$ cat model.txt   # compact mmCIF, C-alpha atoms and all ligand atoms
# COMPACT_ATOMS: atom_id res chain seq x y z
CA MET H 1 123.21 92.54 83.16
CA SER H 2 120.50 93.80 80.80
CA ASP H 3 117.22 94.96 82.35
CA MET H 4 115.36 91.96 80.88
CA VAL H 5 117.85 89.48 82.32
CA GLU H 6 117.82 91.26 85.65
CA VAL H 7 114.00 91.11 85.85
CA HIS H 8 114.15 87.41 85.00
CA VAL H 9 116.76 86.74 87.71
CA LEU H 10 114.90 88.74 90.35
CA LYS H 11 111.61 87.00 89.58
CA ALA H 12 113.29 83.60 89.82
CA GLU H 13 114.80 84.52 93.19
CA ILE H 14 111.41 85.64 94.48
CA GLU H 15 109.71 82.45 93.25
CA GLU H 16 112.43 80.38 94.91
CA ALA H 17 112.05 82.27 98.22
CA LYS H 18 108.26 81.83 98.03
CA ARG H 19 108.70 78.08 97.59
CA LYS H 20 111.06 77.84 100.54
CA LEU H 21 108.98 80.01 102.87
CA GLY H 22 105.78 78.19 101.87
CA GLU H 23 102.71 78.92 103.99
CA ASP H 24 104.72 81.11 106.36
CA LEU H 25 104.65 83.81 103.71
CA LEU H 26 101.81 85.85 102.23
CA ILE H 27 102.51 88.54 99.64
CA LEU H 28 99.84 91.17 99.15
CA ALA H 29 99.81 93.77 96.40
CA HIS H 30 97.64 96.84 96.11
CA HIS H 31 95.95 97.52 92.76
CA TYR H 32 98.25 100.52 92.15
CA GLN H 33 101.46 98.45 92.35
CA ARG H 34 103.69 97.73 89.35
CA ASP H 35 102.55 94.77 87.19
CA GLU H 36 105.60 92.65 88.00
CA ILE H 37 104.84 92.97 91.74
CA VAL H 38 101.14 92.18 91.27
CA GLU H 39 102.08 89.08 89.24
CA LEU H 40 104.15 87.68 92.10
CA ALA H 41 101.64 88.45 94.86
CA ASP H 42 99.28 85.89 96.40
CA PHE H 43 96.47 88.46 96.36
CA ARG H 44 95.80 91.84 94.88
CA GLY H 45 93.12 94.19 96.13
CA ASP H 46 92.35 97.43 97.88
CA SER H 47 93.87 98.20 101.25
CA LEU H 48 91.19 96.83 103.53
CA GLU H 49 90.49 93.76 101.43
CA LEU H 50 94.19 92.93 101.66
CA SER H 51 94.36 93.51 105.42
CA ARG H 52 91.45 91.14 105.90
CA ARG H 53 93.14 88.56 103.68
CA ALA H 54 96.19 88.89 105.91
CA ALA H 55 94.27 88.47 109.15
CA ASP H 56 92.39 85.45 107.72
CA SER H 57 95.63 83.71 106.80
CA ASP H 58 97.92 81.61 108.96
CA ALA H 59 101.02 83.18 107.43
CA ARG H 60 103.74 84.26 109.80
CA TRP H 61 105.07 86.98 107.52
CA ILE H 62 102.77 89.27 105.61
CA VAL H 63 104.63 91.26 103.00
CA PHE H 64 102.48 94.25 102.11
CA CYS H 65 103.36 95.76 98.75
CA GLY H 66 101.55 99.04 99.08
CA VAL H 67 101.99 102.15 101.20
CA ARG H 68 102.65 102.54 104.88
CA PHE H 69 99.13 103.25 106.21
CA MET H 70 97.95 100.03 104.53
CA ALA H 71 100.69 97.96 106.14
CA GLU H 72 99.85 99.60 109.48
CA THR H 73 96.19 98.65 109.05
CA ALA H 74 97.27 95.07 108.34
CA ALA H 75 99.41 95.17 111.51
CA ILE H 76 96.45 96.51 113.54
CA LEU H 77 94.22 93.67 112.31
CA ALA H 78 96.92 90.97 112.37
CA ARG H 79 96.66 88.00 114.69
CA PRO H 80 99.18 87.56 117.52
CA GLY H 81 102.48 86.34 116.13
CA GLN H 82 101.91 87.63 112.61
CA ARG H 83 104.56 90.05 111.37
CA VAL H 84 103.74 92.66 108.74
CA LEU H 85 106.60 93.83 106.53
CA ILE H 86 106.73 96.58 103.93
CA PRO H 87 109.35 96.33 101.16
CA ARG H 88 109.76 100.13 100.98
CA GLU H 89 109.60 101.90 104.31
CA ASP H 90 109.53 105.25 102.51
CA ALA H 91 106.28 104.42 100.71
CA GLY H 92 103.97 107.00 102.23
CA CYS H 93 100.74 108.52 100.97
CA PHE H 94 100.17 112.12 100.05
CA LEU H 95 96.67 112.03 101.47
CA ALA H 96 97.61 110.28 104.73
CA HIS H 97 100.37 112.87 105.22
CA SER H 98 97.83 115.68 105.02
CA VAL H 99 96.78 115.04 108.63
CA ASP H 100 98.96 114.32 111.63
CA PRO H 101 97.99 113.85 115.30
CA VAL H 102 99.45 117.24 116.32
CA GLN H 103 97.34 119.14 113.76
CA LEU H 104 94.32 117.04 114.70
CA ARG H 105 94.70 117.71 118.42
CA ASP H 106 95.12 121.41 117.63
CA ALA H 107 91.93 121.43 115.53
CA TRP H 108 90.04 119.56 118.24
CA GLU H 109 91.15 122.06 120.89
CA ARG H 110 90.26 125.06 118.76
CA LEU H 111 86.85 123.63 117.94
CA SER H 112 86.27 122.97 121.64
CA GLN H 113 86.11 126.77 122.06
CA VAL H 114 82.76 126.81 120.28
CA LEU H 115 81.54 123.21 120.53
CA GLU H 116 81.19 120.66 123.28
CA VAL H 117 83.39 118.42 121.19
CA GLU H 118 82.95 115.24 123.22
CA ARG H 119 79.16 115.44 122.85
CA GLU H 120 78.68 117.41 119.63
CA LEU H 121 81.44 116.27 117.30
CA LEU H 122 82.17 112.75 116.07
CA PRO H 123 85.32 112.14 114.03
CA VAL H 124 85.37 109.86 110.97
CA ALA H 125 88.73 109.00 109.44
CA TYR H 126 89.26 107.61 105.97
CA VAL H 127 91.49 104.52 106.16
CA ASN H 128 94.16 106.56 104.36
CA THR H 129 95.46 107.87 107.69
CA SER H 130 98.22 106.88 110.09
CA ALA H 131 97.57 104.49 112.98
CA GLU H 132 97.89 107.46 115.40
CA VAL H 133 95.17 109.39 113.62
CA LYS H 134 92.91 106.32 113.63
CA ALA H 135 93.63 105.92 117.36
CA PHE H 136 92.67 109.57 118.02
CA VAL H 137 89.37 108.97 116.22
CA GLY H 138 88.76 105.64 117.95
CA ALA H 139 89.38 107.14 121.39
CA ARG H 140 86.61 109.71 120.72
CA GLY H 141 84.00 107.17 119.70
CA GLY H 142 84.55 107.72 115.98
CA ALA H 143 84.98 105.31 113.09
CA CYS H 144 87.11 104.67 110.05
CA CYS H 145 85.68 104.40 106.57
CA THR H 146 86.79 103.28 103.14
CA SER H 147 85.70 104.84 99.87
CA SER H 148 83.06 102.13 99.51
CA SER H 149 81.74 102.45 103.07
CA ALA H 150 81.98 106.26 103.45
CA GLY H 151 78.23 106.74 102.86
CA LYS H 152 77.18 104.17 105.46
CA VAL H 153 79.74 105.37 108.01
CA LEU H 154 78.84 109.04 107.56
CA ALA H 155 75.13 108.24 107.93
CA TRP H 156 75.93 106.13 111.02
CA ALA H 157 77.93 109.01 112.52
CA LEU H 158 75.24 111.62 111.80
CA GLU H 159 72.68 109.45 113.58
CA ARG H 160 74.85 109.62 116.69
CA SER H 161 76.09 113.16 116.68
CA PRO H 162 74.84 116.57 115.52
CA ARG H 163 78.18 117.13 113.78
CA VAL H 164 80.83 114.99 112.08
CA PHE H 165 84.49 115.85 111.54
CA PHE H 166 85.49 113.97 108.36
CA LEU H 167 89.16 113.61 107.55
CA PRO H 168 91.42 113.95 105.72
CA ASP H 169 89.94 113.83 102.18
CA GLN H 170 87.73 116.85 101.57
CA HIS H 171 86.63 115.53 98.18
CA LEU H 172 85.58 112.10 99.42
CA GLY H 173 83.74 113.94 102.21
CA ARG H 174 81.95 116.30 99.86
CA ASN H 175 81.08 113.61 97.30
CA THR H 176 79.71 111.41 100.08
CA ALA H 177 77.73 114.32 101.52
CA ALA H 178 76.24 115.01 98.07
CA ALA H 179 75.16 111.37 97.75
CA LEU H 180 73.49 111.60 101.19
CA GLY H 181 71.75 114.86 100.26
CA ILE H 182 73.60 117.03 102.79
CA PRO H 183 73.31 120.60 101.48
CA GLU H 184 76.43 122.67 100.84
CA LYS H 185 75.41 125.25 103.44
CA GLU H 186 75.73 122.60 106.17
CA ILE H 187 79.37 121.88 105.26
CA ALA H 188 82.43 123.79 106.55
CA LEU H 189 86.06 123.30 105.57
CA TRP H 190 88.84 123.08 108.19
CA ASP H 191 92.21 124.26 106.88
CA PRO H 192 94.87 122.89 109.27
CA HIS H 193 97.48 125.28 107.86
CA HIS H 194 95.31 128.38 108.34
CA PRO H 195 92.96 127.66 111.24
CA PRO H 196 90.25 130.33 111.16
CA LYS H 197 89.91 132.88 113.98
CA ASP H 198 86.15 133.13 113.59
CA LEU H 199 84.82 129.69 114.44
CA SER H 200 81.10 130.53 114.33
CA ARG H 201 80.52 128.72 111.00
CA PHE H 202 81.66 125.42 112.55
CA LYS H 203 78.91 125.73 115.12
CA LYS H 204 76.33 125.82 112.33
CA ALA H 205 77.87 123.03 110.21
CA ARG H 206 76.70 119.41 110.26
CA LEU H 207 79.80 118.27 108.44
CA ILE H 208 83.31 119.64 108.96
CA LEU H 209 85.78 118.54 106.28
CA TRP H 210 89.53 118.41 106.74
CA ARG H 211 91.27 120.19 103.89
CA GLY H 212 93.24 117.24 102.49
CA ALA H 213 93.28 115.57 99.09
CA CYS H 214 95.02 112.85 97.09
CA ASN H 215 97.46 114.42 94.63
CA VAL H 216 96.73 111.67 92.09
CA HIS H 217 92.95 111.98 91.99
CA VAL H 218 92.87 115.80 92.06
CA ARG H 219 94.62 115.78 88.71
CA PHE H 220 91.36 114.94 86.92
CA LEU H 221 89.55 118.11 85.92
CA PRO H 222 86.09 118.92 84.49
CA GLN H 223 87.70 119.75 81.14
CA ASP H 224 88.99 116.15 80.98
CA VAL H 225 85.41 114.91 81.07
CA ALA H 226 84.44 117.36 78.30
CA ARG H 227 87.48 116.32 76.23
CA VAL H 228 86.89 112.55 76.41
CA ARG H 229 83.18 112.97 75.64
CA LYS H 230 84.07 115.01 72.56
CA GLU H 231 86.91 112.75 71.38
CA HIS H 232 85.11 109.46 72.12
CA PRO H 233 81.37 109.86 71.45
CA GLY H 234 79.34 107.46 73.59
CA VAL H 235 82.11 106.92 76.14
CA LYS H 236 81.11 106.62 79.79
CA VAL H 237 83.08 108.17 82.62
CA VAL H 238 83.70 106.41 85.94
CA VAL H 239 85.68 108.13 88.69
CA HIS H 240 86.91 107.44 92.21
CA PRO H 241 85.27 109.58 94.95
CA GLU H 242 88.68 111.10 95.84
CA CYS H 243 88.23 113.12 92.61
CA ARG H 244 87.04 116.72 92.80
CA PRO H 245 83.24 117.11 93.23
CA GLU H 246 83.12 119.12 89.96
CA VAL H 247 84.48 116.02 88.18
CA ALA H 248 82.29 113.57 90.11
CA ALA H 249 79.20 115.64 89.20
CA LEU H 250 79.97 115.20 85.48
CA ALA H 251 80.76 111.47 85.65
CA ASP H 252 78.33 108.66 84.82
CA GLU H 253 79.55 106.60 87.79
CA VAL H 254 81.37 107.46 91.01
CA GLY H 255 82.68 104.70 93.22
CA SER H 256 85.46 102.87 95.02
CA THR H 257 88.15 100.85 93.28
CA ALA H 258 86.02 97.72 93.63
CA HIS H 259 83.04 99.58 92.13
CA ILE H 260 85.14 100.83 89.20
CA ILE H 261 86.40 97.30 88.45
CA ARG H 262 82.90 95.81 88.70
CA THR H 263 81.37 98.55 86.54
CA VAL H 264 83.85 98.02 83.71
CA GLU H 265 83.80 94.21 83.94
CA ASN H 266 79.99 94.06 83.91
CA SER H 267 79.54 96.45 81.00
CA PRO H 268 78.67 94.98 77.57
CA PRO H 269 81.40 94.23 75.01
CA GLY H 270 82.19 97.24 72.87
CA SER H 271 81.55 99.77 75.66
CA GLY H 272 83.98 102.59 76.23
CA TRP H 273 85.14 103.76 79.67
CA ALA H 274 87.25 106.77 80.62
CA VAL H 275 88.44 105.99 84.13
CA GLY H 276 89.41 108.57 86.74
CA THR H 277 91.81 106.77 89.03
CA GLU H 278 95.45 105.67 89.31
CA GLN H 279 96.93 104.65 85.97
CA ARG H 280 98.31 101.20 86.87
CA LEU H 281 94.83 100.05 87.79
CA VAL H 282 93.41 101.60 84.60
CA ALA H 283 96.04 99.94 82.39
CA ARG H 284 95.43 96.54 84.02
CA LEU H 285 91.68 96.97 83.64
CA ALA H 286 92.20 97.76 79.94
CA ALA H 287 94.41 94.68 79.47
CA GLU H 288 91.91 92.43 81.28
CA ASN H 289 88.91 93.75 79.29
CA PRO H 290 90.13 93.60 75.69
CA ASP H 291 86.55 93.57 74.38
CA LYS H 292 86.05 97.11 75.78
CA LYS H 293 87.79 100.40 75.25
CA VAL H 294 89.21 101.37 78.65
CA PHE H 295 91.52 104.36 79.09
CA SER H 296 92.46 107.09 81.54
CA LEU H 297 90.32 110.16 81.96
CA GLY H 298 93.56 112.11 82.40
CA ASP H 299 96.03 113.30 79.80
CA PRO H 300 98.67 112.49 80.85
CA PRO H 301 97.36 109.72 83.09
CA PRO H 302 98.39 110.13 86.75
CA TYR H 303 100.52 107.59 88.63
CA CYS H 304 100.93 107.36 92.40
CA SER H 305 104.63 108.00 92.97
CA TYR H 306 104.58 106.37 96.41
CA MET H 307 103.08 103.17 94.98
CA SER H 308 105.73 103.20 92.25
CA LEU H 309 108.55 102.96 94.79
CA THR H 310 108.27 99.20 95.30
CA ARG H 311 110.38 97.34 92.76
CA LEU H 312 111.32 93.70 92.26
CA ALA H 313 114.74 94.32 93.81
CA ASP H 314 113.10 95.49 97.07
CA LEU H 315 110.97 92.38 97.25
CA THR H 316 113.93 90.11 96.45
CA GLU H 317 116.04 91.75 99.14
CA MET H 318 113.25 91.38 101.70
CA LEU H 319 112.58 87.70 100.94
CA THR H 320 116.20 86.62 100.72
CA GLY H 321 116.70 88.43 104.02
CA LEU H 322 113.89 86.39 105.59
CA LEU H 323 115.50 83.19 104.36
CA SER H 324 118.74 84.11 106.07
CA GLY H 325 116.98 85.04 109.32
CA GLY H 326 116.84 88.81 108.81
CA GLU H 327 113.58 90.76 109.00
CA ARG H 328 113.58 94.16 107.35
CA GLY H 329 110.72 96.59 106.88
CA LEU H 330 108.84 95.43 110.00
CA VAL H 331 105.75 97.58 110.65
CA GLU H 332 104.96 97.82 114.32
CA VAL H 333 102.07 99.68 115.92
CA PRO H 334 102.42 100.29 119.70
CA GLU H 335 99.70 98.52 121.72
CA GLU H 336 98.02 101.69 123.03
CA VAL H 337 97.76 103.04 119.47
CA ARG H 338 96.66 99.68 118.08
CA ALA H 339 93.75 99.37 120.52
CA GLY H 340 92.33 102.82 119.70
CA ALA H 341 92.78 102.37 115.95
CA ARG H 342 91.21 98.91 116.12
CA SER H 343 88.12 100.34 117.83
CA ALA H 344 87.71 102.86 114.97
CA LEU H 345 88.00 100.03 112.43
CA ASP H 346 85.54 97.86 114.38
CA ARG H 347 82.99 100.69 114.40
CA MET H 348 83.34 100.91 110.63
CA TRP H 349 82.22 97.27 110.33
CA GLU H 350 79.42 97.93 112.80
CA ALA H 351 78.26 100.84 110.60
CA ILE H 352 78.54 98.73 107.42
CA ARG H 353 76.45 95.96 109.00
CA GLY H 354 73.91 98.58 110.05
CA GLY H 355 74.38 97.72 113.72
CA GLY H 356 73.84 100.11 116.59
S1 LIG D 1 96.83 107.30 95.10
FE1 LIG D 1 96.62 109.01 96.53
S2 LIG D 1 95.52 108.17 98.29
FE2 LIG D 1 96.28 106.41 97.06
S3 LIG D 1 98.25 105.89 98.02
FE3 LIG D 1 98.71 107.31 96.31
S4 LIG D 1 98.70 109.35 97.29
FE4 LIG D 1 97.72 107.95 98.72
$ encode --input "model.txt" --output "structure tokens"
Amino acid sequence: MSDMVEVHVLKAEIEEAKRKLGEDLLILAHHYQRDEIVELADFRGDSLELSRRAADSDARWIVFCGVRFMAETAAILARPGQRVLIPREDAGCFLAHSVDPVQLRDAWERLSQVLEVERELLPVAYVNTSAEVKAFVGARGGACCTSSSAGKVLAWALERSPRVFFLPDQHLGRNTAAALGIPEKEIALWDPHHPPKDLSRFKKARLILWRGACNVHVRFLPQDVARVRKEHPGVKVVVHPECRPEVAALADEVGSTAHIIRTVENSPPGSGWAVGTEQRLVARLAAENPDKKVFSLGDPPPYCSYMSLTRLADLTEMLTGLLSGGERGLVEVPEEVRAGARSALDRMWEAIRGGG
């Protein structure tokens, strides 16, 4: 079978399964997924937007085409009886893998040698973390954040604690701190692979950053900004806050995926945008804004390899399995983990609403 015929057959099988499963099925696709997956999904969005869509729906099966931490978040927020499935169980996230509960417990214990951690240190976890890490944070009174809510959540946390432990994305942490006016001298970096012997600097810091990063967004460099400005006079640069602070400092706009999409869509026809985020989103943005010149800030543009794992064949296999009574790719979060992680997510919404 040629590739074209195969794609056609797989799409037809998926459409047929969707018809048969009706309202019992909801397919969600993250912005970084392949186009053919996005086309077949009921909704596309960022991770939290999709999890909320899932929890608002009456669907019995929520098929999350994204990476594991996102499907876990959907499972944490799901209503009783809803089942969250992921077409590729090996779809991880480089950033989420940069912190695990063992390293986090170790860091917490070490820091307790110089700080009264329960009183003086509040953890904030980016949603790009496992359910266990979210539960650790939730159990210590901390909150989750997204790239769009990081500023509000960090401000919320600093109102409640003299110190915040922000994890795992050091760049999101530093970019958010810069936007809040937190000076560099009040920030300390925690390297989980080389925990420091001298902990005195953590006693002085207001913000402790976990040394993690997204391997897609760190690919954008300051010289990319210089290059696009030279090659495309008048171009504007918009980057995601997971990019390096040196890149964010040179950009015209820094913001979440939703902010990037809004910024490009609301710009006047004829504008040019070099975008510093995952390439599938950039390519789709370019296709959907033909009156503007939209292209990647990177050369070559970076793709998320974990997001690329999900293919039509995986989705077909999952849906045909459901039709014949088989459930593969079920994402389950144990109740004790779910409760802690849920409390961290709930505090994020409290912080966003400005509640106390
Ligand atoms: S782009 Fe980066 S943060 Fe997003 S899923 Fe891929 S590795 Fe994780």
$ axis_aligned_box --input "model.txt" --around "ligand LIG 1 (chain D)" --padding-each-side "3 Å" --output "lines of an AutoDock Vina configuration file"
center_x = 97.1
center_y = 107.6
center_z = 96.9
size_x = 9.2
size_y = 9.5
size_z = 9.6
$ residues_around --input "model.txt" --residues "region 204-206 of chain H" --least-positions-apart "6" --cutoff "8 Å" --atoms "all atoms listed in the file" --output "VMD selection string"
chain H and resid 162 to 164 185 to 188
$ residues_around --input "model.txt" --residues "region 333-336 of chain H" --least-positions-apart "6" --cutoff "12 Å" --atoms "all atoms listed in the file" --output "count of residues only"
24
$ residues_near_ligand --input "model.txt" --ligand "ligand LIG 1 (chain D)" --cutoff "12 Å" --atoms "all atoms listed in the file" --output "ChimeraX atom specification"
/H:30-33,46-47,65-71,91-98,126-130,146-147,168-169,171-172,212-219,240-243,256-257,276-281,302-309
$ residues_around --input "model.txt" --residues "Val228 (chain H)" --least-positions-apart "4" --cutoff "7 Å" --atoms "only C-alpha atoms" --output "PyMOL selection string"
chain H and resi 224+232+297
$ closest_residue --input "model.txt" --among "H:Leu121, H:Leu189, H:Ala258, H:Leu25" --to "Arg44 (chain H)" --atoms "all atoms listed in the file"
H:Ala258
